[in-house]
Protein chains: 2
Amino acid sequence: MTKEEVIKEYRVREILEAARRVMARYGMQGTTVDRVAEEAKVAKGTIYLYFDTKDALVHAAVLEGLREMVAETIASDDASIPPLERIRKLILAQFRIQASNQDFLKTLIIGNSLDIELESEAGREYMRVYAGHLDFMASVLQDAIDRGAIRQIDPHFAAFMLGEMLTGSLRRRLLKLASSPLESDAEAVVELFLRGIAALP
Amino acid sequence: MTKEEVIKEYRVREILEAARRVMARYGMQGTTVDRVAEEAKVAKGTIYLYFDTKDALVHAAVLEGLREMVAETIASDDASIPPLERIRKLILAQFRIQASNQDFLKTLIIGNSLDIELESEAGREYMRVYAGHLDFMASVLQDAIDRGAIRQIDPHFAAFMLGEMLTGSLRRRLLKLASSPLESDAEAVVELFLRGIAALP
DNA sequence: GCCTAGACTGACCGTACGTTCATTTGACTG
DNA sequence: CAGTCAAATGAACGTACGGTCAGTCTAGGC
């Protein structure tokens with residue numbers, strides 16, 4: 001009984017890891033059951049002994065990946081140090097964790113929705129539109145820096161982060177994680193960003 | 001000649017708008033040529049008179065949508081007002097623009113990579129993991145607020161934005177928009193975020 | 001009022017991929 | 001060593017969907 005469960009758990013783990021490797025290599029669209037089977041070195045039918053559908057397989061693979069990352073974050077926490085230092089440590093820890101899961105996260109963060117290969121004409125065209133927008137915002141920030149209105153900061157970095165906060169606000173709303181009116185989100189982003197880039201006193 | 005071009009342009013516009021509506025309703029995965037044809041009230045073959053492949057169609061539809069939004073942003077800019085006020089206006093304008101393109105953006109921002117229906121058991125499970133993580137980060141921030149180490153700010157909002165900056169850093173790197181070492185990004189995020197939530201002097 | 005060009009149609013085709021299941025394998029038992 | 005049975009296999013199936021093309025329709029010229 002226990003032995004069989006060990007074997008089963010081992011198989012499941014093998015398959016889930018293979019699924020994440022395939023996802024990382026071929027993207028969400030290119031992740032087929034055939035490829036996962038080949039990567040896990042089992043027959044396609046075997047996968048269906050452990051997962052009802054392809055969706056269930058992908059679901060389990062992603063969920064396990066996320067759970068591991070969340071657990072790692074919490075494990076790195078130390079509530080005994082001063083608040084600001086604690087926050088700082090947590091941010092740095094999450095950077096480290098994300099970096100070591102890059103390949104897996106890649107499929108969840110980019111490529112994903114558009115099945116866009118970055119190195120394709122289509123991909124480059126999207127990037128041109130996006131980069132043009134970032135350039136514009138960065139130039140506005142650079143102007144503010146030149147006039148001493150905000151502190152010295154990499155304007156492209158700041159422009160990108162602002163964009164992330166903006167789409168993040170929309171995402172938060174769409175995910176139903178925010179019930180407050182849109183205006184208060186907008187004000188909060190203005191506040192957070194402007195303070196973050198404020199000129200040194 | 002001119003008349004034919006007008007007709008052609010009209011058709012292309014109709015089809016692209018239909019494509020965006022289908023994308024908004026069914027998500028990227030559920031966007032089929034049959035559905036776009038039905039939505040545009042033309043036969044499937046007609047679409048192939050104007051676009052070589054499905055990818056080209058989707059590409060054109062998304063690109064046009066993005067370009068319109070970028071153009072609207074720049075149109076709202078006023079370089080004659082003081083820098084901080086100018087940045088503030090731009091942020092608010094982008095909130096407005098994003099809000100009026102919600103349905104279209106939805107497919108690009110969420111759902112997308114996982115073809116996850118938010119109202120499914122799978123979707124809820126992802127959200128539980130994610131929300132748990134946000135709760136943890138928010139509790140750390142709440143602790144800092146209670147101790148007067150940072151200013152009064154909605155801790156869930158701040159936790160979410162921090163998460164956006166973190167995944168944003170990774171995204172920026174994967175998009176090859178940043179060449180700087182990971183560590184300097186991490187430091188810059190710490191700086192931007194901690195200043196943004198800093199206690200009032 | 002016929003004729004032609006070309007816009008438009010939608011039935012059809014080929015393929016990729018998720019899922020199934022009859023058959024084989026091999027570990028354990030008596 | 002024969003028998004048993006669950007685990008594993010992979011060929012075969014069904015279907016959804018991108019793409020095609022032979023046929024139909026219509027506007028404009030003569």
# chains A, B, ... in the order shown; residues from 1 in each chain; ligands from 1
$ residues_around --residues "segment 4-8 of chain C" --least-positions-apart "5" --cutoff "10 Å" --atoms "only C-alpha atoms (C1' of nucleotides)" --output "count of residues only"
12
$ interface_residues --of "chain A" --to "chain C" --cutoff "10 Å" --atoms "only C-alpha atoms (C1' of nucleotides)" --output "VMD selection string"
chain A and resid 32 to 34 44 to 45 48 52 to 54
$ interface_residues --of "chain D" --to "chain A" --cutoff "10 Å" --atoms "only C-alpha atoms (C1' of nucleotides)" --output "PyMOL selection string"
chain D and resi 7-10
$ residues_around --residues "Arg172 of chain A" --least-positions-apart "4" --cutoff "10 Å" --atoms "only C-alpha atoms (C1' of nucleotides)" --output "PyMOL selection string"
(chain A and resi 165-168+176-179+185) or (chain B and resi 110+157+160-161+164)
$ write_last_selection --atoms "C-alpha atoms" --output "compact mmCIF listing (two decimals), in the first residue's frame"
# COMPACT_ATOMS: atom_id res chain seq x y z
CA MET A 165 1.40 49.58 -11.91
CA LEU A 166 -1.13 50.81 -14.45
CA THR A 167 -1.82 47.44 -16.04
CA GLY A 168 -1.59 45.98 -12.55
CA LYS A 176 -11.83 41.00 -8.50
CA LEU A 177 -9.18 41.73 -5.89
CA ALA A 178 -10.29 45.34 -5.70
CA SER A 179 -13.77 46.62 -5.08
CA ASP A 185 -6.82 53.26 -7.44
CA ILE B 110 -5.29 37.70 -17.70
CA PHE B 157 -3.02 47.58 -2.61
CA PHE B 160 -0.27 43.92 -5.06
CA MET B 161 1.74 46.75 -6.59
CA GLU B 164 3.55 43.80 -10.04
$ atom_distance --atom1 "atom C1' of DG14 of chain D" --atom2 "atom CA of Leu57 of chain B"
28.5 Å
$ closest_residue --among "A:Ser120, A:Gln152, A:Thr31, A:Thr107" --to "chain B" --atoms "only C-alpha atoms"
A:Thr107
$ select_by_dssp --residues "segment 27-135 of chain B" --states "helix (DSSP H, G or I)" --output "MDAnalysis selection string"
chainID B and resid 33:40 44:50 54:75 83:100 102:109 112:114 121:135
$ closest_residue --among "A:Met69, A:Ala144, A:Ala138, A:Val6" --to "Phe95 of chain A" --atoms "only C-alpha atoms"
A:Met69
$ residues_around --residues "Leu16 of chain B" --least-positions-apart "2" --cutoff "10 Å" --atoms "only C-alpha atoms (C1' of nucleotides)" --output "count of residues only"
21
$ residues_around --residues "Ile153 of chain A" --least-positions-apart "3" --cutoff "9 Å" --atoms "only C-alpha atoms (C1' of nucleotides)" --output "ChimeraX atom specification"
/A:141-142,145,150,156-158,197 /B:188
$ write_last_selection --atoms "C-alpha atoms" --output "PDB file, in the first residue's frame"
ATOM      1  CA  LEU A 141      10.436  61.675 -16.721  1.00  0.00           C
ATOM      2  CA  GLN A 142      13.818  62.778 -18.033  1.00  0.00           C
ATOM      3  CA  ILE A 145      14.705  65.068 -13.737  1.00  0.00           C
ATOM      4  CA  ILE A 150      12.076  64.422  -9.267  1.00  0.00           C
ATOM      5  CA  HIS A 156      13.237  53.859 -18.562  1.00  0.00           C
ATOM      6  CA  PHE A 157      13.121  51.770 -15.422  1.00  0.00           C
ATOM      7  CA  ALA A 158      10.664  54.167 -13.803  1.00  0.00           C
ATOM      8  CA  ILE A 197      10.432  59.132  -7.541  1.00  0.00           C
TER       9      ILE A 197
ATOM     10  CA  ALA B 188      15.880  50.004  -7.693  1.00  0.00           C
TER      11      ALA B 188
END
